[in-house]
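So this block is data_33.txt, compact mmCIF, C-alpha atoms:
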# COMPACT_ATOMS: atom_id res chain seq x y z
CA MET A 184 2.61 -5.08 -12.82
CA LYS A 185 4.31 -1.86 -11.71
CA ILE A 186 4.39 -1.22 -7.98
CA ALA A 187 5.78 1.77 -6.07
CA ILE A 188 6.96 1.12 -2.53
CA GLY A 189 7.98 3.52 0.20
CA ASN A 190 8.91 3.16 3.85
CA ASP A 191 10.36 4.98 6.80
CA HIS A 192 12.92 3.70 9.31
CA ALA A 193 10.46 1.13 10.73
CA GLY A 194 10.21 -0.76 7.46
CA PRO A 195 13.49 -1.49 5.63
CA ASP A 196 13.37 -5.23 6.42
CA TYR A 197 9.74 -5.40 5.32
CA LYS A 198 10.46 -3.49 2.14
CA HIS A 199 13.41 -5.72 1.22
CA ALA A 200 11.33 -8.86 1.76
CA ILE A 201 8.41 -7.48 -0.28
CA VAL A 202 10.61 -6.24 -3.12
CA ALA A 203 12.46 -9.58 -3.39
CA TYR A 204 9.17 -11.47 -3.29
CA LEU A 205 7.51 -9.31 -5.97
CA GLU A 206 10.54 -9.15 -8.26
CA LYS A 207 10.71 -12.94 -8.16
CA GLN A 208 7.14 -12.91 -9.53
CA GLY A 209 8.19 -10.57 -12.35
CA HIS A 210 6.75 -7.31 -11.04
CA GLU A 211 8.54 -4.02 -11.67
CA ILE A 212 9.24 -2.17 -8.42
CA THR A 213 10.06 1.50 -7.85
CA ASN A 214 11.73 1.89 -4.47
CA HIS A 215 11.07 5.21 -2.76
CA GLY A 216 11.91 4.02 0.74
CA THR A 217 14.86 4.31 3.03
CA ASP A 218 17.26 1.42 3.57
CA SER A 219 18.28 2.72 6.98
CA VAL A 220 16.85 2.41 10.47
CA ASP A 221 17.96 6.00 11.16
CA SER A 222 14.96 8.22 11.85
CA VAL A 223 13.36 9.79 8.75
CA ASP A 224 10.03 11.44 7.99
CA TYR A 225 7.41 9.05 6.57
CA PRO A 226 5.60 11.77 4.54
CA ASP A 227 8.66 12.15 2.32
CA PHE A 228 8.17 8.58 1.11
CA GLY A 229 4.37 8.38 1.23
CA HIS A 230 4.01 11.35 -1.11
CA LEU A 231 6.36 9.81 -3.68
CA VAL A 232 4.41 6.54 -3.78
CA ALA A 233 1.09 8.41 -4.01
CA GLN A 234 2.41 10.53 -6.88
CA ASP A 235 3.48 7.41 -8.80
CA VAL A 236 0.03 5.84 -8.43
CA THR A 237 -1.78 9.11 -9.21
CA ASN A 238 0.34 9.67 -12.33
CA LYS A 239 -0.13 6.03 -13.40
CA VAL A 240 3.61 5.38 -13.24
CA ALA A 241 2.63 2.53 -10.89
CA ASP A 242 -0.45 0.33 -10.88
CA PHE A 243 -0.41 0.05 -7.07
CA GLY A 244 1.51 1.40 -4.13
CA ILE A 245 2.75 -0.14 -0.90
CA VAL A 246 3.69 2.07 2.04
CA ILE A 247 5.21 1.03 5.35
CA CYS A 248 5.75 2.79 8.66
CA GLY A 249 5.60 1.75 12.31
CA SER A 250 1.84 1.93 12.76
CA GLY A 251 0.93 2.26 9.09
CA ASN A 252 -1.25 5.22 10.02
CA GLY A 253 0.96 8.22 9.33
CA ILE A 254 2.08 7.08 5.92
CA ALA A 255 -1.50 6.10 4.97
CA MET A 256 -2.75 9.53 6.04
CA THR A 257 -0.03 11.11 3.92
CA ALA A 258 -0.90 9.07 0.83
CA ASN A 259 -4.61 9.73 1.30
CA LYS A 260 -4.03 13.48 0.98
CA HIS A 261 -3.68 12.84 -2.76
CA GLN A 262 -7.01 13.07 -4.59
CA ALA A 263 -6.78 9.78 -6.51
CA ILE A 264 -5.40 7.68 -3.66
CA ARG A 265 -7.29 5.22 -1.50
CA ALA A 266 -4.68 3.92 0.92
CA ALA A 267 -5.88 1.16 3.23
CA LEU A 268 -4.22 0.30 6.52
CA CYS A 269 -4.21 -3.50 6.63
CA TRP A 270 -2.98 -5.89 9.29
CA ASN A 271 -4.20 -9.19 7.84
CA LYS A 272 -5.14 -10.68 4.48
CA GLU A 273 -8.86 -10.48 5.20
CA ILE A 274 -8.70 -6.70 5.61
CA ALA A 275 -6.55 -6.47 2.47
CA PHE A 276 -9.20 -8.46 0.57
CA LEU A 277 -12.00 -6.15 1.71
CA ALA A 278 -9.93 -3.05 0.98
CA ARG A 279 -9.69 -4.16 -2.64
CA THR A 280 -13.16 -5.66 -3.18
CA HIS A 281 -15.19 -2.99 -1.38
CA ASN A 282 -13.00 0.13 -1.43
CA ASP A 283 -10.93 -0.26 -4.61
CA ALA A 284 -7.85 0.59 -2.53
CA ASN A 285 -4.83 1.36 -4.68
CA VAL A 286 -2.24 1.70 -1.90
CA LEU A 287 -1.61 -0.92 0.78
CA SER A 288 -0.39 0.52 4.08
CA ILE A 289 1.50 -1.86 6.35
CA PRO A 290 2.07 -1.42 10.10
CA ALA A 291 5.59 -2.83 10.46
CA ARG A 292 5.56 -2.86 14.26
CA PHE A 293 2.35 -4.91 14.40
CA THR A 294 2.80 -7.51 11.66
CA ALA A 295 5.25 -10.25 10.72
CA ILE A 296 6.90 -10.51 7.31
CA PRO A 297 5.21 -13.83 6.32
CA GLN A 298 1.83 -12.29 7.20
CA VAL A 299 2.69 -9.19 5.15
CA LEU A 300 3.64 -11.24 2.09
CA GLU A 301 0.22 -12.91 2.26
CA MET A 302 -1.44 -9.48 2.48
CA VAL A 303 0.53 -8.24 -0.52
CA ASP A 304 -0.54 -11.28 -2.57
CA VAL A 305 -4.19 -10.84 -1.70
CA PHE A 306 -4.09 -7.07 -2.26
CA LEU A 307 -2.49 -7.33 -5.70
CA GLN A 308 -4.56 -10.29 -6.92
CA THR A 309 -8.00 -9.19 -5.76
CA PRO A 310 -10.16 -7.21 -8.17
CA PHE A 311 -12.56 -4.44 -7.19
CA GLU A 312 -16.07 -5.84 -6.90
CA GLY A 313 -17.77 -2.74 -8.30
CA GLY A 314 -21.55 -2.81 -8.17
CA ARG A 315 -22.99 -1.18 -5.06
CA HIS A 316 -19.44 -0.36 -3.91
CA ALA A 317 -18.66 1.78 -6.97
CA GLN A 318 -21.02 4.59 -5.99
CA ARG A 319 -19.54 4.62 -2.48
CA VAL A 320 -15.98 4.77 -3.79
CA GLU A 321 -16.99 7.69 -6.03
CA LYS A 322 -18.01 9.61 -2.89
CA ILE A 323 -14.65 9.22 -1.11
CA SER A 324 -12.65 11.99 -2.81
CA CYS A 325 -13.40 15.64 -2.19
CA LYS A 326 -13.93 17.23 -5.58
Mind turning the file's structure into structure tokens?
Amino acid sequence: MKIAIGNDHAGPDYKHAIVAYLEKQGHEITNHGTDSVDSVDYPDFGHLVAQDVTNKVADFGIVICGSGNGIAMTANKHQAIRAALCWNKEIAFLARTHNDANVLSIPARFTAIPQVLEMVDVFLQTPFEGGRHAQRVEKISCK
């Protein structure tokens, strides 16, 4: 699977842990994030991940910032993106099954790395349920 990842200064440790974990499983990762804790602007990285998913360069995206909100809002400005802010594996499961989320947004300041690795697993392994949820997902984007 191809996964694009992006983060601001709140998430380098999270990104490194996720990338190592996913590469060990054989996934191909495109890293759009910073490796520094020096202040940067999260939209710069959120847009790059969203573009990769929109253009089908990546199957899924993962974005990380302090609260997870700003970078999710950025990604969600892209028509084909459904970025879900998740703080546990149960929310990640619902984001995939009910909302067909294609970008996982992680709040680095409110989660622990082991918890995040569980969320990533669930997010990437859970299929969209379809059915009654499909018509709702179709109504999300402004066309």
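For the choices A:Ile188, A:Val220, A:Ile323, A:Met256, the atom-to-atom distance to Asn282 (chain A) is smallest for A:Ile323 when using all atoms listed in the file.
Residue nearest Trp270 (chain A) within the list A:Gly229, A:Pro297, A:Gly216, A:Gly244: A:Pro297 [criterion: smallest interatomic distance, all atoms listed in the file].
Checking A:Asn214, A:Ser219, A:Asn190, A:Gln234 one by one against Lys260 (chain A), counting all atoms listed in the file, you find the shortest gap at A:Gln234.
Distance check against Val246 (chain A) using all atoms listed in the file: of A:Ala200, A:Ile289, A:Ile212, A:Val299, the minimum falls on A:Ile289.
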Shell of 12 Å around Gln318 (chain A), all atoms listed in the file, local chain residues under 6 positions omitted, as an NGL selection string = :A and (281-283 or 312 or 324)
Would you mind completing region 201-235 of chain A to N, CA and C atoms and writing the output as a short mmCIF file (atom, residue, chain, number, x, y, z; two decimals), in the frame of the given file?
data_model
loop_
_atom_site.label_atom_id
_atom_site.label_comp_id
_atom_site.auth_asym_id
_atom_site.auth_seq_id
_atom_site.Cartn_x
_atom_site.Cartn_y
_atom_site.Cartn_z
N ILE A 201 9.49 -7.68 0.71
CA ILE A 201 8.41 -7.48 -0.28
C ILE A 201 8.99 -7.32 -1.68
N VAL A 202 10.01 -6.48 -1.80
CA VAL A 202 10.61 -6.24 -3.12
C VAL A 202 11.17 -7.55 -3.70
N ALA A 203 11.90 -8.31 -2.91
CA ALA A 203 12.46 -9.58 -3.39
C ALA A 203 11.34 -10.53 -3.82
N TYR A 204 10.31 -10.59 -3.02
CA TYR A 204 9.17 -11.47 -3.29
C TYR A 204 8.47 -11.08 -4.60
N LEU A 205 8.23 -9.78 -4.78
CA LEU A 205 7.51 -9.31 -5.97
C LEU A 205 8.38 -9.36 -7.23
N GLU A 206 9.65 -9.06 -7.10
CA GLU A 206 10.54 -9.15 -8.26
C GLU A 206 10.67 -10.59 -8.74
N LYS A 207 10.66 -11.52 -7.81
CA LYS A 207 10.71 -12.94 -8.16
C LYS A 207 9.48 -13.34 -8.99
N GLN A 208 8.37 -12.65 -8.77
CA GLN A 208 7.14 -12.91 -9.53
C GLN A 208 7.10 -12.13 -10.84
N GLY A 209 8.12 -11.31 -11.09
CA GLY A 209 8.19 -10.57 -12.35
C GLY A 209 7.62 -9.16 -12.32
N HIS A 210 7.26 -8.67 -11.14
CA HIS A 210 6.75 -7.31 -11.04
C HIS A 210 7.89 -6.29 -11.11
N GLU A 211 7.57 -5.12 -11.60
CA GLU A 211 8.54 -4.02 -11.67
C GLU A 211 8.32 -3.11 -10.47
N ILE A 212 9.36 -2.90 -9.68
CA ILE A 212 9.24 -2.17 -8.42
C ILE A 212 10.03 -0.86 -8.50
N THR A 213 9.38 0.22 -8.05
CA THR A 213 10.06 1.50 -7.85
C THR A 213 10.20 1.68 -6.36
N ASN A 214 11.44 1.80 -5.90
CA ASN A 214 11.73 1.89 -4.47
C ASN A 214 11.92 3.34 -4.07
N HIS A 215 10.97 3.85 -3.28
CA HIS A 215 11.07 5.21 -2.76
C HIS A 215 11.43 5.24 -1.28
N GLY A 216 11.70 4.09 -0.70
CA GLY A 216 11.91 4.02 0.74
C GLY A 216 13.36 4.12 1.16
N THR A 217 13.53 4.29 2.46
CA THR A 217 14.86 4.31 3.03
C THR A 217 15.35 2.88 3.27
N ASP A 218 16.65 2.72 3.25
CA ASP A 218 17.26 1.42 3.57
C ASP A 218 17.88 1.45 4.96
N SER A 219 17.65 2.51 5.68
CA SER A 219 18.28 2.72 6.98
C SER A 219 17.25 2.68 8.10
N VAL A 220 17.71 2.34 9.29
CA VAL A 220 16.85 2.41 10.47
C VAL A 220 17.03 3.75 11.20
N ASP A 221 17.83 4.64 10.62
CA ASP A 221 17.96 6.00 11.16
C ASP A 221 16.66 6.75 10.92
N SER A 222 16.23 7.52 11.90
CA SER A 222 14.96 8.22 11.85
C SER A 222 14.83 9.11 10.62
N VAL A 223 13.71 8.96 9.91
CA VAL A 223 13.36 9.79 8.75
C VAL A 223 11.89 10.15 8.86
N ASP A 224 11.42 10.99 7.98
CA ASP A 224 10.03 11.44 7.99
C ASP A 224 9.20 10.67 6.97
N TYR A 225 8.23 9.89 7.45
CA TYR A 225 7.41 9.05 6.57
C TYR A 225 6.71 9.83 5.46
N PRO A 226 6.28 11.09 5.65
CA PRO A 226 5.60 11.77 4.54
C PRO A 226 6.47 11.90 3.29
N ASP A 227 7.78 12.02 3.47
CA ASP A 227 8.66 12.15 2.32
C ASP A 227 8.52 10.95 1.37
N PHE A 228 8.27 9.80 1.91
CA PHE A 228 8.17 8.58 1.11
C PHE A 228 6.73 8.28 0.70
N GLY A 229 5.78 8.59 1.56
CA GLY A 229 4.37 8.38 1.23
C GLY A 229 3.92 9.24 0.06
N HIS A 230 4.38 10.48 0.01
CA HIS A 230 4.01 11.35 -1.11
C HIS A 230 4.56 10.82 -2.44
N LEU A 231 5.77 10.32 -2.44
CA LEU A 231 6.36 9.81 -3.68
C LEU A 231 5.59 8.60 -4.23
N VAL A 232 5.19 7.70 -3.35
CA VAL A 232 4.41 6.54 -3.78
C VAL A 232 3.05 7.00 -4.30
N ALA A 233 2.40 7.90 -3.59
CA ALA A 233 1.09 8.41 -4.01
C ALA A 233 1.18 9.10 -5.37
N GLN A 234 2.23 9.85 -5.60
CA GLN A 234 2.41 10.53 -6.88
C GLN A 234 2.57 9.51 -8.01
N ASP A 235 3.31 8.44 -7.77
CA ASP A 235 3.48 7.41 -8.80
C ASP A 235 2.15 6.76 -9.16
#
